[in-house]
Structure formats: structure tokens, C-alpha cells
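This report concerns only the one structure given below.
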Amino acid sequence: MAEIHLKSLAHSYSSDPKNPGDYAIREMNHVWEHGGAYALLGPSGCGKSTMLNIMSGLLSPSEGQVLFDGVEVNNVPPEERNIAQVFQFPVIYDSMTVFDNLAFPLRNMKTPEIQVQSRVQEIAEVLELTPLLKRRASNLTADEKQKVSMGRGLVRSDVSAILFDEPLTVIDPQLKWKLRRKLKEIHQQFNITMVYVTHDQLEASTFAEKIAVMYGGQIVQFGSPRELFERPNHAFVGYFIGSPGMNLIEVQRCDGGVSFGNSVVHLEPNLLELIDNISSTNLKVGIRPEFIHVWDEPTDDAYCCDLIGVEDLGTYKILRLKLDGSELKVRIDEDSPVPVGKAYISFPEQWLKLYVDEYLVEASVESEVVT
Amino acid sequence: MSLVLENVDYVVDGQNYLTNVDLTLEPGSFNVLLGRTLAGKTSLMRLMAGLDKPTNGRILMNGVDVTGVAVQKRNISMVYQQFINYPNLTVWDNIASPLRLAKVKNSEIERRVKETADILQITPFLQRYPLELSGGQQQRTSMARALVKDASVIFFDEPLVNLDYKLREELRVELRDLFKERNAIAVYATTEPNEAMALGGTTTLLHEGRVVQSGPATQVYRQPINVEAAKLYSEPAVNLIRGQIKGSEVTFDEAVHFPLDHDLRELDEGEYFFGVLPSHIGLVPKNDDDLELSMRMQLAEISGSETFMHVVNDHFELVLQVQGVIGYQIGEPIKVYLPTHKLFVFDLDGNTIQTPSQRVMR
């Protein structure tokens, strides 16, 4: 069992932190439930490495608690936590055989040799390493070495959580998907909590059931890959997830909605009521390039934009449009006609999001994503 | 300024790094070298730059043979994968260094450093040292140093590979815009088809030291001359299924049959490889001639806004590229729809016989 609970956790590398900027991790509460497949996703400098080090025990948090199944482990060193780590670069003994590499953690714990034999065989089978057991590790390819690294984590039956730190960095692109599949299978077979730390949306979304997106020392959204795409809870998530990311336009409150330049975006009355009760003037509307509708000809409620560029990416095209001083990106299919000079677009209500102080504001729970 | 390579070979210790390369880089052009690791991209750039000398063949700049001319005498600059800056110099001095070396007047240095820093959005960091900057800012600094001196050829050797994908997306667009206003030749090496496509310009596909195909990006993408070109320029890679044309029917892997239609009708009977792009296969039928296939899910890779679905049946595997986030369990049955009018056809040697709705001259 391993539920990892970060309770009122915060960390500062400064001995006398005064303002929020002094914190690598701002105060947060977060639970990684037992047996989940999770990712911790964010750009470099967002605090995810600090968080990883706090969970693994390399770093003791300056404030709050790390609880493993309810027991505080703030000052428990890594080797005494039932956690395994898989790093960017394979950590194995080149001079040993694959078998001895896999057996090493068990022999270290003085496990009886007969158990070592059966456990190593079992793990090798799962990782498809059986034919390689007698080979010296130095002769393996990068992906085989990384599988041995994983095996060294899985082989200990007392391990209840595995932390992955960008484990596929050194793997050939053509082989990556096979290892991703292997990781998912392992998660299904072993009842283990897995946390995958990465800056890559593909790695995170493919592996995890739920992703914690970290930005500026905070988790700004914890949700499924689909939620991050369809309903970003924070403007940063909109921007960071998706290629290209969400269009975000700064707007002001106006009669019947919000506006930028001379363009008005009409919003539902109950949503307007909500924002009228908030004093902030940091308002943005967001819509993903995939969800903007392009009309063939002018319509009553379409916005007229200047077409300033087209990027042909083969499988799809990106239109770069200018509307009242704001630049918008629109994704259209490979076979869709490209507008000439002007483009007429509209924002389907379902996909238009409103952000106040960077966070999503929604009128009611009824506006759940329809699929 | 033009750069021409004629019959260039490059052999090191009996190993052919490059074989019979003929290339013309036009003035002001943006040239992308696309190929896997060890395809010869870096070797080719080093020859073009004058860092190495070809074993055979000639290199001409503006029609003048420069084959034996050392790098110092050619007006070129380079940006590498690793962020290479002088750690003991400020960003300002880093950018100014090539101009100082060229003994440019101080007032002119001042003007050009400011201008270049502005374009690359590093003006706020000019007084900092490289190691105080993020990876993206460090690479912008090395790009600024390469761009400041008005070189006639600028080489980029996978410059964005060590940056995260959001930065890559942004720098790609900036770089492209930057070169719109320059007369310099840009040569940009990458292993990523999507990056090559986004950069546009001319794409040269390299494979095992040879040029497979060279031309405008969209043309090379839509009309690959052979299987290798099609595979190199698609990510996920084009799906290939061996099949047979007999009578009025196509058979995939002795298992799936469908009637010949469209352009396929004109093909001779026999064995072929049929190719279909991952983005052309769908989860719902779109056309009358879509072929319904019953498959099993192997893995859904989710890129954030797209899903790459790996599916398999008893005969072949396919990869689909679908918009949006689509979740399936491993092993789950799934129906996919393959548009038979969007097939590439290759002969068994891999040469292109036909691209979708466009005939290829043989």
C-alpha cells in the first residue's frame, strides 16, 4: 500500500522566505492515491523536480508534511522509503549480467537465493528480458537498459510506489511507444502507485489516468488528459496542453458580455453575474484552435478576421488570424479550403472558456463537457 | 549567395558517411535536412561549412570553388544542439564577440547587438551571464551570436532538441519569421518530420548518407518518391500493408478484400505495398469507399490535443492519428475506417507508383 499525501506542503530553498516568489513549492494539499497511474507535468523551473525529491526523500520539505499511508516520512531517507525511482539515464551495473542486476536489490536485502531466482524470472518475463538474462548489461541497447532499471525497481516486493523521472529521454523514437505500452501493462499487473514526472505532454497523457499540471510552484489542475484538453482549469493549462495551445485573449466587461477592441463576445447572463461579483479586471477568454468554427462566407454572428498566415503541417493547417489586434490560431483539416484574405469565424459556446485571474470560471455544473 | 554541392562523397576510415550528394541551395532559402540519427546531416553541414573536406566532389559558393577553403575564410555561423556560450562573458558580450573579432566599429556593434537581442527577445538579460539563464534563453543567446554577424550561410544543428516542446513551437515560428527578411541561406538539421514541415522551405531527406529526395516541403510530403521518403516524412510513420491486385479486387495480406476504384483501376495486376497516412484513417466512415476494419487496441498515445492509436488484427498493424483525446483500454476491439482513395502505392522495390489522386511520372 502506498498513498502519498502532501499535507500543507511547501518548500523554499531560502532560509528566510518572505513572499510567494521565495517558494519553489507553494503551500499545497495533494493526495496520490494507492495504485494510481499519475503524471506530474510542467515546464522546466515549475517545481516538479523539487516535488519529486521531496517524495523520494532526497529533500526534506521546509513546511508541511509528507505522509505515506498516514505516517509522516519528512525525514526518512530514500533507502528507508518503500519507493523505487527510475531516472532519465539507466542506472545499472554494466559489469554485471542482466540477471545479477535484477537480483541486486534482493540480495542486498539478504533475500534467500531461491526466492531471488523465482522473483527475477517473474520480473524478467513481464519486461520481456528473459532471453537477455545471461547477457552483460554493458552490451544492451538503451531501451533494454532502461527496462533493467525498471526491473530493479519492480523486483522488490516491498516497493509500493515507483517514481519515474523522464524515463524515456534516451530511448529511440521508434521504440518509445513500445515502452510506453509496457509501462501501462506493468501498472495494470502490479498494484503499485506510479508517478511519472515529465515536461512532455505526450509522455504524461499517454501514461497517466490523472495528470497534475504544475506551474509556478503550484498544481493548477489535477485531471484526466481529456479534462486538461477540453476543460483547462487554468489559462496556463490551456496554453501548455495542445499544439498549438489555447488562444487566450484579454477582455473587458461590457454590455452583454466581454469585449476586446470593437469585438464583443456575448456570454450567458448567469456567467456575467458571476464575474460582476469579482473585482478582478484580469479577464481572458480562451478557445482552442481546434474548436473555432470557420465559415465559408460572412454570417450574422461571425467575426471577420484578417488572414495573416497559413502553416501547412501536412495532416492539418494552422490559420493565423488577426481580429481587433489579437492574434488567433485556427486549426483546419488538411482537405478544408483555405480562406483568402479574410476569414469568418465563430466561437462555439461549448468550447469558449472564461478565465478570471487565470482560473476558469463557469456558470454552473450543467455546462459539463458534452461529448 | 548560392551554395552548390557537386557529386560530393565523404569517406572516413573506409566508411561512407556521404555518397554522391548533389544539392543546390538558393540565395535566401531556408533548407531543412531531415533524417534519422546518423543519416549524415551533421557531416553534410560540416562539409558545407568548411569544417571538413569532401573526399570527392566540389563545393561552390556563388559559383566559386571553395572545396579546400578553410572555415575561417567562409562567412558562416553555426548553432548547435548544446547551448554554446562563453560562460565568463555577459549575454551582451557573447553576442558582440563575433563582431569584435571582425573588428567592427563600436557604434555599429552597439546597434547590431541591440537589434539582434530585440528580435530574439533577450534584451532584459543582456547584463546577465549565460548560466543565470533558462535553457531557452541560453539557446536564444547562441542564436543571437550566430545571427548578429550577417553570415551568408547559417547552420542550425538540431538547435531546439534540448528545449521543451512549447519553447520549440515558439522558437520555430520565430526562426522562420526571422529568415523571411534575410538574404542568408539557412541550413537546419532535424530528425523530426513535424518540425521540418512547420519550418517549411526546402526539405532534403537524407538516409544512410544519401539524398533520398529534395524539394519544397509540401511537395516532398505529398509526393514522396519512394517508401523510404514517405516513412522519413511522416510522424507517426505512414502505414504500409502488403497487398495484391487481381481482377477487380485488392487484397491486403491475403485477408481483407475490397474493389478497385479511382486511380487504382489503372494499375497492373500484381503485388504492391499500399501506404496510408495515420491521419487519413478514421474512427467513423467519411466516404462511401471507406474500408471498415475490425482491429484491437494496443495503445492510445495522447499528445495533449491528438491521439495516436496503435491497433492490430491478425494480419497487420495500423497507427491512427485522431484529433482530440480518445481513451481506449488495451485489448479493446475497435472499428477503423480506411479511405481507399487515399492510398499510396509502391512497388516491391519501394518505388512510388502512385500518390493519392496524383500520378507520379516514372
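Starting from 1 in every chain, residues are counted up; chains themselves are A, B, ... following the order of the C-alpha cells, and ligands are numbered from 1 as listed.
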
Inset, instruction - Would you list the contacts of Ile162 of chain A as JSON, numbers by chain, taking every protein, DNA or RNA residue within 9 Å and counting only C-alpha atoms, but skipping same-chain residues closer than 5 positions in sequence? - result: {"A": [82, 83, 84, 85, 86, 150, 153, 154, 192, 193, 194, 195, 196]}

Inset, instruction - Name the residues in contact with Lys149 of chain B at a cut-off of 12 Å, using only C-alpha atoms, excluding same-chain residues fewer than 5 positions from it; report them as a PyMOL selection string. - result: chain B and resi 75-78+95-104+108-109+111-113+115-116+143-144+154+184

Can I get the selection written as a CSV table (one decimal), in the first residue's frame, with N, CA and C atoms?
```
chain,number,residue,atom,x,y,z
B,75,ASN,N,32.2,32.9,-44.8
B,75,ASN,CA,31.4,33.8,-43.9
B,75,ASN,C,30.2,33.0,-43.5
B,76,ILE,N,30.4,32.1,-42.5
B,76,ILE,CA,29.3,31.3,-42.0
B,76,ILE,C,29.2,31.4,-40.5
B,77,SER,N,28.0,30.9,-39.9
B,77,SER,CA,28.0,30.7,-38.5
B,77,SER,C,27.1,29.5,-38.2
B,78,MET,N,27.3,29.0,-37.0
B,78,MET,CA,26.6,27.7,-36.6
B,78,MET,C,25.9,27.8,-35.3
B,95,ILE,N,27.1,38.1,-27.5
B,95,ILE,CA,26.5,38.4,-28.8
B,95,ILE,C,27.5,39.3,-29.6
B,96,ALA,N,28.2,40.2,-28.9
B,96,ALA,CA,29.1,41.1,-29.5
B,96,ALA,C,30.4,40.4,-30.0
B,97,SER,N,30.7,39.3,-29.4
B,97,SER,CA,32.1,38.7,-29.7
B,97,SER,C,32.4,38.5,-31.1
B,98,PRO,N,31.5,37.9,-32.0
B,98,PRO,CA,31.9,37.7,-33.4
B,98,PRO,C,32.2,39.1,-34.1
B,99,LEU,N,31.5,40.1,-33.7
B,99,LEU,CA,31.7,41.4,-34.3
B,99,LEU,C,33.0,42.0,-33.9
B,100,ARG,N,33.4,41.8,-32.6
B,100,ARG,CA,34.7,42.3,-32.1
B,100,ARG,C,35.8,41.6,-32.8
B,101,LEU,N,35.6,40.3,-33.0
B,101,LEU,CA,36.6,39.5,-33.8
B,101,LEU,C,36.8,40.1,-35.2
B,102,ALA,N,35.7,40.5,-35.8
B,102,ALA,CA,35.7,41.0,-37.1
B,102,ALA,C,36.1,42.5,-37.2
B,103,LYS,N,36.5,43.1,-36.0
B,103,LYS,CA,36.9,44.5,-35.9
B,103,LYS,C,35.8,45.4,-36.4
B,104,VAL,N,34.6,45.2,-36.1
B,104,VAL,CA,33.5,46.1,-36.4
B,104,VAL,C,33.6,47.3,-35.4
B,108,GLU,N,28.7,50.5,-34.3
B,108,GLU,CA,28.0,49.5,-35.1
B,108,GLU,C,27.7,48.3,-34.3
B,109,ILE,N,28.6,47.9,-33.4
B,109,ILE,CA,28.4,46.7,-32.5
B,109,ILE,C,27.2,47.0,-31.7
B,111,ARG,N,24.7,49.0,-32.1
B,111,ARG,CA,23.5,48.9,-32.8
B,111,ARG,C,23.0,47.5,-33.1
B,112,ARG,N,23.9,46.7,-33.6
B,112,ARG,CA,23.6,45.4,-34.0
B,112,ARG,C,23.2,44.4,-32.9
B,113,VAL,N,24.0,44.5,-31.8
B,113,VAL,CA,23.7,43.7,-30.6
B,113,VAL,C,22.3,44.0,-30.1
B,115,GLU,N,19.8,45.3,-31.7
B,115,GLU,CA,18.8,44.9,-32.7
B,115,GLU,C,18.5,43.4,-32.6
B,116,THR,N,19.6,42.6,-32.6
B,116,THR,CA,19.5,41.2,-32.6
B,116,THR,C,18.9,40.7,-31.3
B,143,MET,N,21.8,31.7,-30.6
B,143,MET,CA,21.3,32.0,-31.9
B,143,MET,C,21.6,33.5,-32.2
B,144,ALA,N,21.5,34.4,-31.2
B,144,ALA,CA,21.8,35.8,-31.4
B,144,ALA,C,23.2,35.9,-31.9
B,154,ILE,N,24.0,30.2,-42.5
B,154,ILE,CA,23.9,29.9,-41.1
B,154,ILE,C,23.4,28.5,-40.9
B,184,ALA,N,20.3,35.6,-46.2
B,184,ALA,CA,21.3,34.5,-46.0
B,184,ALA,C,20.6,33.1,-46.3
```

Quick one: contact table of chain B to chain A, 10 Å max, nearest atom pair and distance in Å to one decimal per residue, counting only C-alpha atoms, chain and number order, as a Markdown table?
```
| residue | atom | partner | partner_atom | distance |
| --- | --- | --- | --- | --- |
| B:Arg36 | CA | A:Pro173 | CA | 9.7 |
| B:Thr37 | CA | A:Asp172 | CA | 9.4 |
| B:Ser134 | CA | A:Ser44 | CA | 8.4 |
| B:Gly135 | CA | A:Ser44 | CA | 8.7 |
| B:Gly136 | CA | A:Ser44 | CA | 9.9 |
| B:Leu163 | CA | A:Ser44 | CA | 9.2 |
| B:Asp164 | CA | A:His199 | CA | 6.7 |
| B:Tyr165 | CA | A:Asp200 | CA | 7.0 |
| B:Lys166 | CA | A:Phe240 | CA | 6.8 |
| B:Leu167 | CA | A:Pro43 | CA | 9.4 |
| B:Glu169 | CA | A:Pro244 | CA | 7.6 |
| B:Glu170 | CA | A:Pro244 | CA | 9.3 |
| B:Val173 | CA | A:Glu311 | CA | 9.7 |
| B:Thr191 | CA | A:Pro173 | CA | 9.7 |
| B:Glu192 | CA | A:Pro173 | CA | 9.7 |
| B:Pro193 | CA | A:Leu313 | CA | 9.5 |
| B:Asn194 | CA | A:Leu313 | CA | 7.0 |
| B:Glu195 | CA | A:Leu313 | CA | 8.9 |
| B:Ala196 | CA | A:Leu313 | CA | 9.0 |
| B:Met197 | CA | A:Leu313 | CA | 5.4 |
| B:Ala198 | CA | A:Leu313 | CA | 5.8 |
| B:Leu199 | CA | A:Glu311 | CA | 8.8 |
| B:Gly200 | CA | A:Asp312 | CA | 8.1 |
| B:Ala217 | CA | A:Gly314 | CA | 9.2 |
| B:Thr218 | CA | A:Gly314 | CA | 7.0 |
| B:Gln219 | CA | A:Gly314 | CA | 10.0 |
| B:Tyr221 | CA | A:Gly314 | CA | 7.1 |
| B:Arg222 | CA | A:Gly314 | CA | 7.9 |
| B:Tyr233 | CA | A:Gly314 | CA | 9.7 |
| B:Ser234 | CA | A:Gly314 | CA | 8.8 |
| B:Glu235 | CA | A:Thr315 | CA | 9.8 |
| B:Pro236 | CA | A:Gln174 | CA | 9.2 |
| B:Ala237 | CA | A:Gln174 | CA | 9.3 |
| B:Leu277 | CA | A:Thr315 | CA | 8.6 |
| B:Pro278 | CA | A:Thr315 | CA | 8.9 |
| B:Ser279 | CA | A:Thr315 | CA | 6.1 |
| B:His280 | CA | A:Thr315 | CA | 8.2 |
| B:Gln298 | CA | A:Arg181 | CA | 7.7 |
| B:Leu299 | CA | A:Arg181 | CA | 6.1 |
| B:Ala300 | CA | A:Thr206 | CA | 6.7 |
| B:Glu301 | CA | A:Thr206 | CA | 4.7 |
| B:Ile302 | CA | A:Thr206 | CA | 4.9 |
| B:Ser303 | CA | A:Leu202 | CA | 4.0 |
| B:Gly304 | CA | A:Gly242 | CA | 4.7 |
| B:Ser305 | CA | A:Gly242 | CA | 4.5 |
| B:Glu306 | CA | A:Gly242 | CA | 7.8 |
| B:Thr307 | CA | A:Thr206 | CA | 8.8 |
| B:Phe308 | CA | A:Thr206 | CA | 9.4 |
| B:His310 | CA | A:Trp177 | CA | 9.0 |
| B:Gln321 | CA | A:Thr315 | CA | 9.0 |
| B:Gln323 | CA | A:Glu290 | CA | 8.4 |
| B:Gly324 | CA | A:Phe229 | CA | 7.8 |
| B:Val325 | CA | A:Arg226 | CA | 5.3 |
| B:Ile326 | CA | A:Arg226 | CA | 7.6 |
| B:Gly327 | CA | A:Arg226 | CA | 8.4 |
| B:Ile330 | CA | A:Glu185 | CA | 8.4 |
```

Inset, instruction - Could you give me, as JSON, numbers by chain, each residue of segment 81-277 of chain B that DSSP assigns to helix (DSSP H, G or I) when run on this structure's backbone? - result: {"B": [91, 92, 93, 94, 95, 96, 97, 98, 99, 100, 101, 106, 107, 108, 109, 110, 111, 112, 113, 114, 115, 116, 117, 118, 119, 123, 124, 125, 130, 131, 132, 135, 136, 137, 138, 139, 140, 141, 142, 143, 144, 145, 146, 147, 148, 165, 166, 167, 168, 169, 170, 171, 172, 173, 174, 175, 176, 177, 178, 179, 180, 193, 194, 195, 196, 197, 198, 199, 217, 218, 219, 220, 221, 222, 227, 228, 229, 230, 231, 232, 262, 263, 264, 265, 266]}

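Taking atom CA of Ser118 of chain A as the reference point, atom CA of Arg136 of chain A is found at 19.9 Å.
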
Legend entry - Exercise: segment 348-355 of chain B partners within 10 Å, only C-alpha atoms, chain neighbours under 2 positions left out, as a ChimeraX atom specification: /B:222-230,242,263-264,267,270-276,341-346,357-362

Legend entry - Test item, strand (DSSP E or B) assignment across segment 34-167 of chain B, answer as a ChimeraX atom specification: /B:34,56-61,64-65,76-79,153-157

Inset, instruction - Excluding Phe68 of chain A and residues on its chain fewer than 4 positions from it, collect all residues at most 7 Å away from it, counting only C-alpha atoms, and give them as number ranges by chain. - result: A: 2-5, 72-73

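In terms of minimum interatomic distance to Asp324 of chain A, A:Ser263 ranks closest within A:Gln88, A:Asn282, A:Ser263, A:Ser346, counting only C-alpha atoms.
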